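Q: Have a look at this one.
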Amino acid sequence: MDLDAVRTFVAAASAGKFQEAADDLRITQQAVSKRIAALEKHLGVKLFTRTARGAQLTLDGQTFLPHAQALLHAEQQALASVKPGNRPLRVDVIGGFLAPAVLVRDFHREHPTVALDIVNLPNGAAAIEAVREGTIDATFRALHNPIDARLSSVRVFDEPLQLLTGPAHPQADAAALSPTDLKGQSIWMPGNIAGTEWAAYYDDLAAEFGFTIDTAGPNFGLDAMLDAMAEQPDRATFVGELTRFRWPTDYDLRRMDLHNPTPVYPHSLIWRTTNPHPSLTTLRTHLLHTRHPTPPPTWPAPPHLGG
């Protein structure tokens, strides 16, 4: 149903004259007449009778009026549900167990009145396009390429990496580890999907410190990866410091910090420069005032966070 015609009908019913409805809607009287005629044809009934005093609702017009008003109210609700500033702040956090989700959960604890809509998009390209289109308000990504003028970004958290090993790994009982200690080893990361920003990061890390990234096997998710490491306890993988997961005690997996230098994964918040959502500023301010920089030396050496 043509909502402009419905809107015109409601305006004419309220005004009682087509000319006054035309003035209210800022269209011509002829346009009002055409819209009403089209609506009457669509419904198969007469909505008005023309009299010397103006336009009077027929019995069918009186019956249709409350439903027409309800249609226009539904239209307003539909628009408000997706309009930035009215709908919840929509943020892409990549995955529910990873650092961005932890950062946003911390934000929610401090700002419980800010409505949030959390999504998980598959890769950086899809997330950036969704930000450009306004489908989402912001995403957390580690992208090294320049972003176009329509987007803004700020580096909000450099997350230290840890080495997760099974009990049979040669360095499972090491008191301290450096990335240089991994030279010549194979680090198993089935989730390193080619073309993603995290695959590019770990490829650069491996090249810098002389180890290899093994992506063999399908990526069935975090729990399946932990099960596989328990079955082959000489494996090792990287996890972020804020990554949240648990495993059965009989798996005996080991989670170790890396230092000298500490490899850090650079999380940036990316948003569309013209995005008017009022809660977006609240999120950015929170992130920039609650981060805890990793003591140097780190790899890569970070720029000033927030710059």
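Following the order of the structure tokens, first chain is A, next is B, and so on, with residues numbered from 1 inside each chain and ligands from 1 in the order they appear.
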Please run DSSP on the backbone and report, as a PyMOL selection string, all residues within stretch 104-232 of chain A that come out as alpha helix (DSSP H).
A: chain A and resi 104-110+124-133+197-209+222-231
Q: Write out, as a short mmCIF file (atom, residue, chain, number, x, y, z; two decimals), in the first residue's frame, the residues just selected, with N, CA and C atoms.
A:
```cif
data_model
loop_
_atom_site.label_atom_id
_atom_site.label_comp_id
_atom_site.auth_asym_id
_atom_site.auth_seq_id
_atom_site.Cartn_x
_atom_site.Cartn_y
_atom_site.Cartn_z
N VAL A 104 34.08 -4.42 25.03
CA VAL A 104 32.72 -3.91 24.97
C VAL A 104 31.92 -4.33 26.20
N ARG A 105 32.18 -5.53 26.73
CA ARG A 105 31.52 -5.93 27.98
C ARG A 105 31.91 -5.01 29.13
N ASP A 106 33.19 -4.64 29.18
CA ASP A 106 33.64 -3.70 30.21
C ASP A 106 32.95 -2.35 30.05
N PHE A 107 32.80 -1.92 28.79
CA PHE A 107 32.10 -0.67 28.52
C PHE A 107 30.66 -0.74 29.00
N HIS A 108 30.00 -1.87 28.75
CA HIS A 108 28.61 -2.03 29.15
C HIS A 108 28.47 -2.00 30.68
N ARG A 109 29.43 -2.58 31.38
CA ARG A 109 29.36 -2.56 32.84
C ARG A 109 29.43 -1.13 33.38
N GLU A 110 30.24 -0.28 32.73
CA GLU A 110 30.37 1.11 33.18
C GLU A 110 29.27 2.01 32.63
N GLY A 124 37.57 -8.56 7.87
CA GLY A 124 37.74 -7.11 7.89
C GLY A 124 37.06 -6.40 6.75
N ALA A 125 37.13 -6.98 5.55
CA ALA A 125 36.52 -6.33 4.38
C ALA A 125 35.02 -6.18 4.56
N ALA A 126 34.36 -7.24 5.05
CA ALA A 126 32.92 -7.19 5.27
C ALA A 126 32.58 -6.18 6.36
N ALA A 127 33.39 -6.13 7.40
CA ALA A 127 33.13 -5.20 8.50
C ALA A 127 33.30 -3.76 8.05
N ILE A 128 34.36 -3.48 7.30
CA ILE A 128 34.60 -2.11 6.84
C ILE A 128 33.48 -1.66 5.91
N GLU A 129 33.03 -2.54 5.03
CA GLU A 129 31.94 -2.19 4.12
C GLU A 129 30.66 -1.92 4.90
N ALA A 130 30.41 -2.70 5.94
CA ALA A 130 29.22 -2.49 6.75
C ALA A 130 29.28 -1.15 7.49
N VAL A 131 30.47 -0.75 7.91
CA VAL A 131 30.63 0.57 8.55
C VAL A 131 30.38 1.67 7.52
N ARG A 132 30.93 1.52 6.32
CA ARG A 132 30.71 2.52 5.27
C ARG A 132 29.22 2.69 4.97
N GLU A 133 28.50 1.58 4.89
CA GLU A 133 27.09 1.62 4.53
C GLU A 133 26.19 2.04 5.68
N GLU A 197 42.83 -9.95 8.19
CA GLU A 197 43.87 -9.09 8.77
C GLU A 197 44.69 -9.81 9.82
N TRP A 198 44.07 -10.80 10.52
CA TRP A 198 44.85 -11.51 11.53
C TRP A 198 45.84 -12.48 10.89
N ALA A 199 45.50 -13.06 9.74
CA ALA A 199 46.46 -13.92 9.04
C ALA A 199 47.67 -13.10 8.59
N ALA A 200 47.42 -11.89 8.09
CA ALA A 200 48.52 -11.02 7.68
C ALA A 200 49.41 -10.68 8.86
N TYR A 201 48.81 -10.42 10.02
CA TYR A 201 49.59 -10.09 11.21
C TYR A 201 50.48 -11.26 11.63
N TYR A 202 49.90 -12.47 11.70
CA TYR A 202 50.69 -13.61 12.15
C TYR A 202 51.73 -14.04 11.12
N ASP A 203 51.48 -13.81 9.85
CA ASP A 203 52.51 -14.08 8.83
C ASP A 203 53.70 -13.15 9.04
N ASP A 204 53.42 -11.88 9.32
CA ASP A 204 54.51 -10.93 9.58
C ASP A 204 55.27 -11.30 10.85
N LEU A 205 54.55 -11.73 11.87
CA LEU A 205 55.19 -12.12 13.13
C LEU A 205 56.09 -13.33 12.92
N ALA A 206 55.61 -14.31 12.16
CA ALA A 206 56.40 -15.51 11.90
C ALA A 206 57.66 -15.18 11.11
N ALA A 207 57.53 -14.30 10.12
CA ALA A 207 58.69 -13.91 9.33
C ALA A 207 59.72 -13.18 10.17
N GLU A 208 59.24 -12.37 11.12
CA GLU A 208 60.15 -11.59 11.96
C GLU A 208 60.99 -12.47 12.89
N PHE A 209 60.38 -13.56 13.41
CA PHE A 209 61.06 -14.34 14.45
C PHE A 209 61.40 -15.77 14.00
N LEU A 222 36.98 -22.60 18.69
CA LEU A 222 37.92 -22.60 19.81
C LEU A 222 37.88 -23.90 20.61
N ASP A 223 36.70 -24.38 20.93
CA ASP A 223 36.61 -25.60 21.75
C ASP A 223 37.23 -26.80 21.02
N ALA A 224 36.98 -26.90 19.72
CA ALA A 224 37.56 -28.00 18.95
C ALA A 224 39.07 -27.89 18.89
N MET A 225 39.59 -26.65 18.84
CA MET A 225 41.04 -26.46 18.83
C MET A 225 41.65 -26.94 20.14
N LEU A 226 41.00 -26.64 21.26
CA LEU A 226 41.51 -27.10 22.56
C LEU A 226 41.48 -28.63 22.64
N ASP A 227 40.41 -29.24 22.12
CA ASP A 227 40.34 -30.71 22.11
C ASP A 227 41.49 -31.30 21.29
N ALA A 228 41.77 -30.69 20.14
CA ALA A 228 42.85 -31.19 19.27
C ALA A 228 44.21 -31.05 19.94
N MET A 229 44.40 -29.97 20.69
CA MET A 229 45.69 -29.80 21.38
C MET A 229 45.85 -30.80 22.50
N ALA A 230 44.74 -31.19 23.12
CA ALA A 230 44.83 -32.23 24.15
C ALA A 230 45.17 -33.58 23.53
N GLU A 231 44.67 -33.82 22.32
CA GLU A 231 44.95 -35.08 21.63
C GLU A 231 46.38 -35.13 21.11
#
```
Q: Just list the residues in stretch 152-232 of chain A DSSP gives strand (DSSP E or B) on the backbone, as an MDAnalysis selection string.
A: chainID A and resid 152:165 177 186:188 212:214
Q: With only C-alpha atoms as the basis for distance, which of A:Leu177, A:Ile270, A:Ala172, A:Leu72 is at the shortest distance from A:Ile147?
A: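 Comparing A:Leu177, A:Ile270, A:Ala172, A:Leu72 against A:Ile147, the winner is A:Ile270.
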Q: Please identify all polymer residues within 10 Å of A:Val119, counting only C-alpha atoms, omitting same-chain residues fewer than 3 positions from it, and present them as number ranges by chain.
A: A: 90-96, 101, 116, 122, 127, 136, 139
Q: Could you build a table of the residues in stretch 148-245 of chain A lying no more than 12 Å from stretch 274-278 of chain A, giving for each the nearest pair of atoms and their separation in Å rounded to one decimal place, using only C-alpha atoms, ordered by chain and ascending residue number, as CSV?
A:
```
residue,atom,partner,partner_atom,distance
A:Ala149,CA,A:Thr274,CA,10.4
A:Arg150,CA,A:Thr274,CA,7.5
A:Leu151,CA,A:Thr274,CA,8.2
A:Ser152,CA,A:Thr274,CA,9.2
```
Q: Just C-alpha atoms for this one: save the residues we selected as an mmCIF file, in the first residue's frame.
A:
```cif
data_model
loop_
_atom_site.group_PDB
_atom_site.id
_atom_site.type_symbol
_atom_site.label_atom_id
_atom_site.label_comp_id
_atom_site.auth_asym_id
_atom_site.auth_seq_id
_atom_site.Cartn_x
_atom_site.Cartn_y
_atom_site.Cartn_z
ATOM 1 C CA ALA A 149 38.256 9.628 3.995
ATOM 2 C CA ARG A 150 34.750 8.425 4.848
ATOM 3 C CA LEU A 151 36.082 6.423 7.811
ATOM 4 C CA SER A 152 37.920 7.271 11.006
#
```
Q: With a distance cut-off of 8 Å and only C-alpha atoms, select the neighbouring residues of stretch 234-243 of chain A, excluding the residue or stretch itself and same-chain residues fewer than 3 positions from it, and output the selection as a list in words.
A: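 Neighbouring residues, sequence-local ones excluded: Phe97, Leu98, Ala99, Val102, Glu159, Pro160, Leu161, Gln162, Leu163, Leu164, Thr165, Gly166, Pro167, Ala168, His169, Pro170, Ser186, Ile187, Trp188, Met189, Met229 and Tyr265 of chain A.
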Q: Tell me, as a PyMOL selection string, which residues lie within 10 Å of A:Thr49, counting only C-alpha atoms; anything in the same chain fewer than 5 positions away does not count.
A: chain A and resi 54-58+61
Q: Which neighbours of A:His267 fall inside 8 Å, counting only C-alpha atoms, when residues of the same chain fewer than 3 positions from it are skipped, and could you give them as a list of chain:residue names?
A: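 My reading of the contact set: A:Pro100, A:Phe140, A:Arg141, A:Ala142, A:Arg155, A:Val156, A:Phe157, A:Asp158, A:Glu159.
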Q: I need the residue nearest A:Val154 from this list: A:Lys34, A:Arg7, A:Lys17, A:Arg272. Use only C-alpha atoms for the distance.
A: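 So, comparing all the options, the nearest one is A:Arg272.
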Q: I need the residue nearest A:Asp148 from this list: A:Thr298, A:Gly16, A:Thr273, A:Thr285. Use only C-alpha atoms for the distance.
A: A:Thr273
Q: Find the residue from A:Ala21, A:Trp299, A:Arg26, A:Arg35 that sits nearest to A:Asp4; use only C-alpha atoms when measuring.
A: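 For A:Asp4, the nearest of the candidates is A:Arg35.
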Q: Between atom CA of A:Lys183 and atom CA of A:Phe211, what is the distance in Å, rounded to a tenth?
A: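 Going from atom CA of A:Lys183 over to atom CA of A:Phe211, I get 4.8 Å.
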Q: Can you tell me which residues surround A:Ile36 at a distance of at most 9 Å, considering only C-alpha atoms, apart from same-chain residues fewer than 5 positions away, and format the answer as a ChimeraX atom specification?
A: /A:5-6,8-9,12,31,41,47-48
Q: What gap, in Å, lies between atom CA of A:Ala175 and atom CA of A:Asp252?
A: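 Interatomic distance, atom CA of A:Ala175 to atom CA of A:Asp252: 16.3 Å.
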